[in-house]
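As stored in protein.cif (mmCIF, C-alpha atoms):
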```cif
data_upload
#
loop_
_atom_site.group_PDB
_atom_site.id
_atom_site.type_symbol
_atom_site.label_atom_id
_atom_site.label_comp_id
_atom_site.auth_asym_id
_atom_site.auth_seq_id
_atom_site.Cartn_x
_atom_site.Cartn_y
_atom_site.Cartn_z
ATOM 1 C CA MET A 113 -167.590 -66.278 133.870
ATOM 2 C CA LYS A 114 -164.112 -65.303 135.038
ATOM 3 C CA TRP A 115 -162.902 -68.854 134.865
ATOM 4 C CA ILE A 116 -163.859 -69.004 131.132
ATOM 5 C CA THR A 117 -161.764 -65.864 130.471
ATOM 6 C CA TRP A 118 -158.754 -67.414 132.193
ATOM 7 C CA ILE A 119 -159.124 -70.623 130.198
ATOM 8 C CA LEU A 120 -159.163 -68.696 126.851
ATOM 9 C CA LEU A 121 -156.119 -66.661 127.912
ATOM 10 C CA LEU A 122 -154.154 -69.780 128.799
ATOM 11 C CA ALA A 123 -155.155 -71.376 125.492
ATOM 12 C CA ASN A 124 -153.863 -68.390 123.498
ATOM 13 C CA LEU A 125 -150.584 -68.385 125.395
ATOM 14 C CA GLY A 126 -150.163 -72.074 124.702
ATOM 15 C CA VAL A 127 -150.698 -71.633 120.930
ATOM 16 C CA ALA A 128 -148.229 -68.715 120.816
ATOM 17 C CA GLY A 129 -145.634 -70.708 122.710
ATOM 18 C CA PHE A 130 -146.039 -73.598 120.259
ATOM 19 C CA PHE A 131 -145.174 -71.467 117.224
ATOM 20 C CA VAL A 132 -142.372 -69.532 118.952
ATOM 21 C CA GLY A 133 -140.646 -72.672 120.224
ATOM 22 C CA ARG A 134 -140.979 -74.575 116.944
ATOM 23 C CA ASP A 135 -137.825 -72.922 115.493
ATOM 24 C CA TYR A 136 -135.799 -74.422 118.347
ATOM 25 C CA TRP A 137 -136.986 -78.008 117.866
ATOM 26 C CA PRO A 138 -134.387 -80.517 116.512
ATOM 27 C CA ARG A 139 -134.696 -81.010 112.717
ATOM 28 C CA THR A 140 -134.647 -84.296 110.800
ATOM 29 C CA GLU A 141 -131.910 -85.117 108.256
ATOM 30 C CA ALA A 142 -134.360 -84.696 105.343
ATOM 31 C CA GLU A 143 -135.246 -81.177 106.480
ATOM 32 C CA GLN A 144 -131.577 -80.205 106.853
ATOM 33 C CA ASN A 145 -130.813 -81.362 103.296
ATOM 34 C CA ALA A 146 -133.703 -79.585 101.608
ATOM 35 C CA PRO A 147 -133.413 -79.477 97.763
ATOM 36 C CA LEU A 148 -131.936 -76.359 96.146
ATOM 37 C CA ASN A 149 -133.807 -74.170 93.666
ATOM 38 C CA VAL A 150 -133.030 -76.031 90.445
ATOM 39 C CA ASP A 151 -134.747 -73.474 88.211
ATOM 40 C CA ARG A 152 -132.548 -70.638 89.452
ATOM 41 C CA LEU A 153 -129.403 -72.667 88.980
ATOM 42 C CA SER A 154 -130.421 -73.489 85.438
ATOM 43 C CA LEU A 155 -131.008 -69.827 84.598
ATOM 44 C CA ARG A 156 -127.626 -68.797 85.981
ATOM 45 C CA SER A 157 -125.892 -71.546 84.013
ATOM 46 C CA GLN A 158 -127.536 -70.450 80.759
ATOM 47 C CA SER A 159 -126.556 -66.847 81.403
ATOM 48 C CA ALA A 160 -122.909 -67.807 81.958
ATOM 49 C CA SER A 161 -122.923 -69.955 78.824
ATOM 50 C CA ALA A 162 -124.323 -67.096 76.757
ATOM 51 C CA THR A 163 -121.561 -64.826 78.038
ATOM 52 C CA VAL A 164 -118.890 -67.256 76.888
ATOM 53 C CA GLU A 165 -120.456 -67.704 73.454
ATOM 54 C CA LYS A 166 -120.673 -63.948 72.837
ATOM 55 C CA SER A 167 -117.029 -63.293 73.695
ATOM 56 C CA PRO A 168 -115.061 -62.322 70.557
ATOM 57 C CA PRO A 169 -112.743 -64.959 69.060
ATOM 58 C CA THR A 170 -109.084 -64.686 69.862
ATOM 59 C CA ARG A 171 -107.086 -63.255 66.969
ATOM 60 C CA VAL A 172 -103.477 -64.249 66.477
ATOM 61 C CA ALA A 173 -101.304 -61.563 64.937
ATOM 62 C CA ARG A 174 -99.479 -62.681 61.774
ATOM 63 C CA LEU A 175 -96.046 -61.333 61.060
ATOM 64 C CA GLU A 176 -95.352 -60.655 57.410
ATOM 65 C CA THR A 177 -91.992 -61.841 56.206
ATOM 66 C CA LYS A 178 -90.049 -59.657 53.795
ATOM 67 C CA SER A 179 -87.907 -61.000 50.977
ATOM 68 C CA LEU A 180 -84.218 -60.110 50.831
ATOM 69 C CA CYS A 181 -82.175 -59.962 47.614
ATOM 70 C CA VAL A 182 -78.482 -60.076 46.748
ATOM 71 C CA GLU A 183 -76.861 -59.310 43.384
ATOM 72 C CA TRP A 184 -73.764 -61.281 42.475
ATOM 73 C CA ARG A 185 -71.772 -59.667 39.666
ATOM 74 C CA GLY A 186 -68.279 -59.886 38.200
ATOM 75 C CA LEU A 187 -68.135 -63.629 37.517
ATOM 76 C CA SER A 188 -66.345 -64.858 34.403
ATOM 77 C CA ARG A 189 -68.304 -67.152 32.088
ATOM 78 C CA ASP A 190 -66.584 -70.261 33.461
ATOM 79 C CA GLU A 191 -67.158 -69.084 37.035
ATOM 80 C CA PHE A 192 -70.761 -68.269 36.224
ATOM 81 C CA SER A 193 -71.438 -71.883 35.202
ATOM 82 C CA LEU A 194 -69.840 -73.212 38.386
ATOM 83 C CA VAL A 195 -71.753 -70.812 40.631
ATOM 84 C CA ARG A 196 -75.015 -71.740 38.887
ATOM 85 C CA GLU A 197 -74.596 -75.355 40.007
ATOM 86 C CA GLN A 198 -73.664 -74.296 43.530
ATOM 87 C CA LEU A 199 -76.738 -72.098 43.775
ATOM 88 C CA LYS A 200 -78.943 -74.939 42.543
ATOM 89 C CA ALA A 201 -77.590 -77.165 45.329
ATOM 90 C CA LEU A 202 -78.062 -74.413 47.920
ATOM 91 C CA ALA A 203 -81.623 -73.760 46.754
ATOM 92 C CA GLY A 204 -82.365 -77.444 47.321
ATOM 93 C CA GLU A 205 -81.321 -77.104 50.960
ATOM 94 C CA ARG A 206 -82.637 -73.630 51.755
ATOM 95 C CA VAL A 207 -85.758 -71.603 51.001
ATOM 96 C CA MET A 208 -84.318 -69.403 48.267
ATOM 97 C CA SER A 209 -84.381 -68.792 44.520
ATOM 98 C CA PHE A 210 -82.183 -67.114 41.941
ATOM 99 C CA THR A 211 -82.460 -65.633 38.455
ATOM 100 C CA GLU A 212 -79.893 -64.948 35.732
ATOM 101 C CA VAL A 213 -80.057 -61.351 34.515
ATOM 102 C CA PRO A 214 -78.374 -60.185 31.279
ATOM 103 C CA LEU A 215 -76.088 -57.167 31.485
ATOM 104 C CA ASN A 216 -77.083 -55.954 28.018
ATOM 105 C CA THR A 217 -80.621 -56.241 26.720
ATOM 106 C CA ARG A 218 -82.874 -55.323 23.839
ATOM 107 C CA ILE A 219 -86.606 -54.655 23.929
ATOM 108 C CA TRP A 220 -88.717 -56.726 21.562
ATOM 109 C CA VAL A 221 -92.214 -55.759 20.441
ATOM 110 C CA ILE A 222 -94.205 -58.763 19.198
ATOM 111 C CA PHE A 223 -97.697 -60.021 18.576
ATOM 112 C CA PRO A 224 -97.979 -63.195 20.716
ATOM 113 C CA PRO A 225 -97.611 -66.642 19.086
ATOM 114 C CA LEU A 226 -100.588 -67.867 17.058
ATOM 115 C CA PRO A 227 -101.718 -71.523 17.060
ATOM 116 C CA THR A 228 -100.736 -72.357 13.450
ATOM 117 C CA ALA A 229 -98.526 -71.084 10.637
ATOM 118 C CA GLN A 230 -101.665 -70.317 8.605
ATOM 119 C CA ALA A 231 -103.055 -68.149 11.419
ATOM 120 C CA ALA A 232 -99.720 -66.327 11.684
ATOM 121 C CA ALA A 233 -99.655 -65.671 7.918
ATOM 122 C CA ALA A 234 -103.227 -64.362 8.015
ATOM 123 C CA LYS A 235 -102.336 -62.044 10.920
ATOM 124 C CA LEU A 236 -99.294 -60.749 9.041
ATOM 125 C CA ASN A 237 -101.504 -59.908 6.051
ATOM 126 C CA GLU A 238 -103.932 -58.164 8.381
ATOM 127 C CA LEU A 239 -101.120 -56.043 9.825
ATOM 128 C CA ALA A 240 -99.878 -55.134 6.344
ATOM 129 C CA ALA A 241 -103.406 -54.104 5.324
ATOM 130 C CA ALA A 242 -103.523 -51.844 8.417
ATOM 131 C CA GLY A 243 -100.283 -50.158 7.317
ATOM 132 C CA VAL A 244 -97.927 -51.836 9.796
ATOM 133 C CA GLN A 245 -94.508 -52.263 8.157
ATOM 134 C CA ASP A 246 -91.336 -54.169 9.154
ATOM 135 C CA ALA A 247 -93.186 -57.162 10.593
ATOM 136 C CA PHE A 248 -92.408 -60.839 10.060
ATOM 137 C CA VAL A 249 -93.386 -64.273 11.387
ATOM 138 C CA VAL A 250 -90.939 -65.706 13.967
ATOM 139 C CA LYS A 251 -89.547 -69.187 13.271
ATOM 140 C CA ASP A 252 -87.626 -69.617 16.537
ATOM 141 C CA ALA A 253 -88.982 -72.494 18.650
ATOM 142 C CA ALA A 254 -89.556 -70.445 21.795
ATOM 143 C CA TRP A 255 -91.659 -67.859 19.910
ATOM 144 C CA HIS A 256 -92.833 -69.950 16.965
ATOM 145 C CA ASN A 257 -95.629 -68.240 14.973
ATOM 146 C CA ALA A 258 -95.317 -64.958 16.860
ATOM 147 C CA ILE A 259 -95.050 -61.817 14.746
ATOM 148 C CA SER A 260 -92.050 -59.562 15.353
ATOM 149 C CA LEU A 261 -92.706 -55.836 15.224
ATOM 150 C CA GLY A 262 -89.109 -54.766 15.920
ATOM 151 C CA LEU A 263 -86.159 -54.851 18.337
ATOM 152 C CA TYR A 264 -85.304 -51.646 20.213
ATOM 153 C CA ALA A 265 -82.443 -50.404 22.354
ATOM 154 C CA ASN A 266 -84.611 -49.089 25.186
ATOM 155 C CA THR A 267 -88.100 -49.110 26.628
ATOM 156 C CA GLU A 268 -88.977 -45.645 25.342
ATOM 157 C CA ALA A 269 -88.398 -46.627 21.703
ATOM 158 C CA ALA A 270 -90.398 -49.840 22.175
ATOM 159 C CA GLU A 271 -93.318 -47.918 23.687
ATOM 160 C CA ARG A 272 -93.343 -45.553 20.700
ATOM 161 C CA ARG A 273 -93.653 -48.580 18.398
ATOM 162 C CA VAL A 274 -96.553 -49.946 20.488
ATOM 163 C CA ARG A 275 -98.374 -46.604 20.289
ATOM 164 C CA GLU A 276 -97.772 -46.497 16.539
ATOM 165 C CA VAL A 277 -99.377 -49.874 15.815
ATOM 166 C CA GLU A 278 -102.192 -49.197 18.283
ATOM 167 C CA GLY A 279 -102.912 -46.006 16.361
ATOM 168 C CA LYS A 280 -103.469 -48.215 13.312
ATOM 169 C CA GLY A 281 -105.968 -50.370 15.177
ATOM 170 C CA VAL A 282 -103.628 -53.214 16.138
ATOM 171 C CA LEU A 283 -104.140 -54.219 19.778
ATOM 172 C CA GLY A 284 -102.698 -57.050 21.880
ATOM 173 C CA THR A 285 -98.995 -56.446 21.275
ATOM 174 C CA GLN A 286 -96.471 -57.653 23.846
ATOM 175 C CA VAL A 287 -93.110 -56.254 25.039
ATOM 176 C CA GLU A 288 -90.294 -58.665 25.959
ATOM 177 C CA VAL A 289 -86.781 -58.065 27.292
ATOM 178 C CA LEU A 290 -84.167 -60.110 25.416
ATOM 179 C CA PRO A 291 -80.462 -60.520 26.192
ATOM 180 C CA ARG A 292 -78.153 -59.129 23.556
ATOM 181 C CA LYS A 293 -76.094 -61.701 21.711
ATOM 182 C CA GLY A 294 -72.861 -62.476 23.568
ATOM 183 C CA THR A 295 -73.801 -60.536 26.713
ATOM 184 C CA ASP A 296 -72.646 -61.536 30.181
ATOM 185 C CA PHE A 297 -75.058 -62.280 33.018
ATOM 186 C CA TYR A 298 -75.245 -61.796 36.773
ATOM 187 C CA PHE A 299 -77.254 -63.496 39.516
ATOM 188 C CA VAL A 300 -80.031 -62.109 41.692
ATOM 189 C CA ILE A 301 -80.579 -64.376 44.710
ATOM 190 C CA ARG A 302 -83.813 -64.003 46.692
ATOM 191 C CA SER A 303 -84.847 -65.396 50.081
ATOM 192 C CA GLU A 304 -86.877 -64.587 53.184
ATOM 193 C CA ASP A 305 -84.185 -66.225 55.333
ATOM 194 C CA ALA A 306 -81.256 -63.916 56.106
ATOM 195 C CA ASP A 307 -79.125 -66.907 57.152
ATOM 196 C CA ALA A 308 -79.579 -68.451 53.703
ATOM 197 C CA LEU A 309 -78.106 -65.339 52.094
ATOM 198 C CA LYS A 310 -75.256 -65.249 54.610
ATOM 199 C CA SER A 311 -74.227 -68.695 53.381
ATOM 200 C CA LEU A 312 -73.338 -67.067 50.032
ATOM 201 C CA ASP A 313 -70.265 -65.539 51.673
ATOM 202 C CA ALA A 314 -68.636 -68.954 52.015
ATOM 203 C CA ILE A 315 -69.210 -69.711 48.326
ATOM 204 C CA LYS A 316 -67.882 -66.314 47.214
ATOM 205 C CA GLN A 317 -64.466 -66.912 48.792
ATOM 206 C CA ALA A 318 -63.549 -69.065 45.777
ATOM 207 C CA TYR A 319 -64.286 -66.117 43.440
ATOM 208 C CA PRO A 320 -62.381 -63.136 44.869
ATOM 209 C CA ASN A 321 -62.879 -60.927 41.793
ATOM 210 C CA SER A 322 -66.682 -61.027 42.039
ATOM 211 C CA GLN A 323 -68.920 -58.708 44.051
ATOM 212 C CA GLN A 324 -72.031 -59.337 46.120
ATOM 213 C CA SER A 325 -74.339 -56.515 47.206
ATOM 214 C CA ARG A 326 -77.727 -56.271 48.947
ATOM 215 C CA VAL A 327 -80.385 -54.763 46.678
ATOM 216 C CA ALA A 328 -84.103 -54.067 46.794
ATOM 217 C CA CYS A 329 -86.182 -56.973 45.549
ATOM 218 C CA ARG A 330 -88.150 -56.364 42.376
ATOM 219 C CA SER A 331 -91.774 -57.378 42.287
#
```
Show me, as structure tokens, the structure contained in the file I just sent.
Amino acid sequence: MKWITWILLLANLGVAGFFVGRDYWPRTEAEQNAPLNVDRLSLRSQSASATVEKSPPTRVARLETKSLCVEWRGLSRDEFSLVREQLKALAGERVMSFTEVPLNTRIWVIFPPLPTAQAAAAKLNELAAAGVQDAFVVKDAAWHNAISLGLYANTEAAERRVREVEGKGVLGTQVEVLPRKGTDFYFVIRSEDADALKSLDAIKQAYPNSQQSRVACRS
């Protein structure tokens, strides 16, 4: 019986040695290049992609440009005409604009132009029936078929006239600023480019009696 026990013991030792020594056997090329876990790689890739997609978009700060204005006064009427042409040429080369502002003005209260002379006459009769006096139909081409409600020296007087006619049920009047007859004008030049306004200095040298000054731009 003892010899059977020794045989079983040797068999067990042989099996144990087989499994322990297996890790030290030389491996084939296929075993060394075993495939990677594709599923895990795919999950990591999707996670990274989601992170990129959720990142907030890049915002580029925008700088607001501010307009600059210059008043040009003191030009004679002949000089004014010459400077007008020079400013037109400069505006064609630079980003700038200019307006001609009257020195002396009047404030005009009107009812806006109507489509026909008949409509203007009917509106005038309507105003008269409401008790609005001193009104007439305008014949001038620029305001043809408007109804004049009076010319005033200042804004306060014009606003009183507007309130008066509104109190009689007349709505839709309009206030316009008109140059007085024979008044002189001055220029207001506007640009967002400071260099464009600096170029005015070279033009001004030909008009030594005039004055240029930086002013706040009106809306």
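Rounded to one decimal, CA of Ser209 in chain A and CA of Arg196 in chain A lie 11.3 Å from each other.
You will find CA of Leu202 in chain A at 27.2 Å from CA of Asn216 in chain A.
For the pair CA of Ser188 in chain A and CA of Arg326 in chain A, the separation is 20.4 Å.
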Quick check on the file I pasted: which residues fall under the PyMOL selection byres ((chain A and resi 300) around 6)? Write them as an NGL selection string.
:A and (182-183 or 210-211 or 299 or 301)
Determine, counting only C-alpha atoms, which protein, DNA and RNA residues have an atom within 10 Å of an atom of Asn266 in chain A; residues of the same chain fewer than 5 positions away are not included. Present the result as a ChimeraX atom specification.
/A:217-220,271,289
As a count of residues only, please: the residues near Ala242 in chain A (cut-off 12 Å, all atoms listed in the file, same-chain neighbours under 4 positions excluded).
13
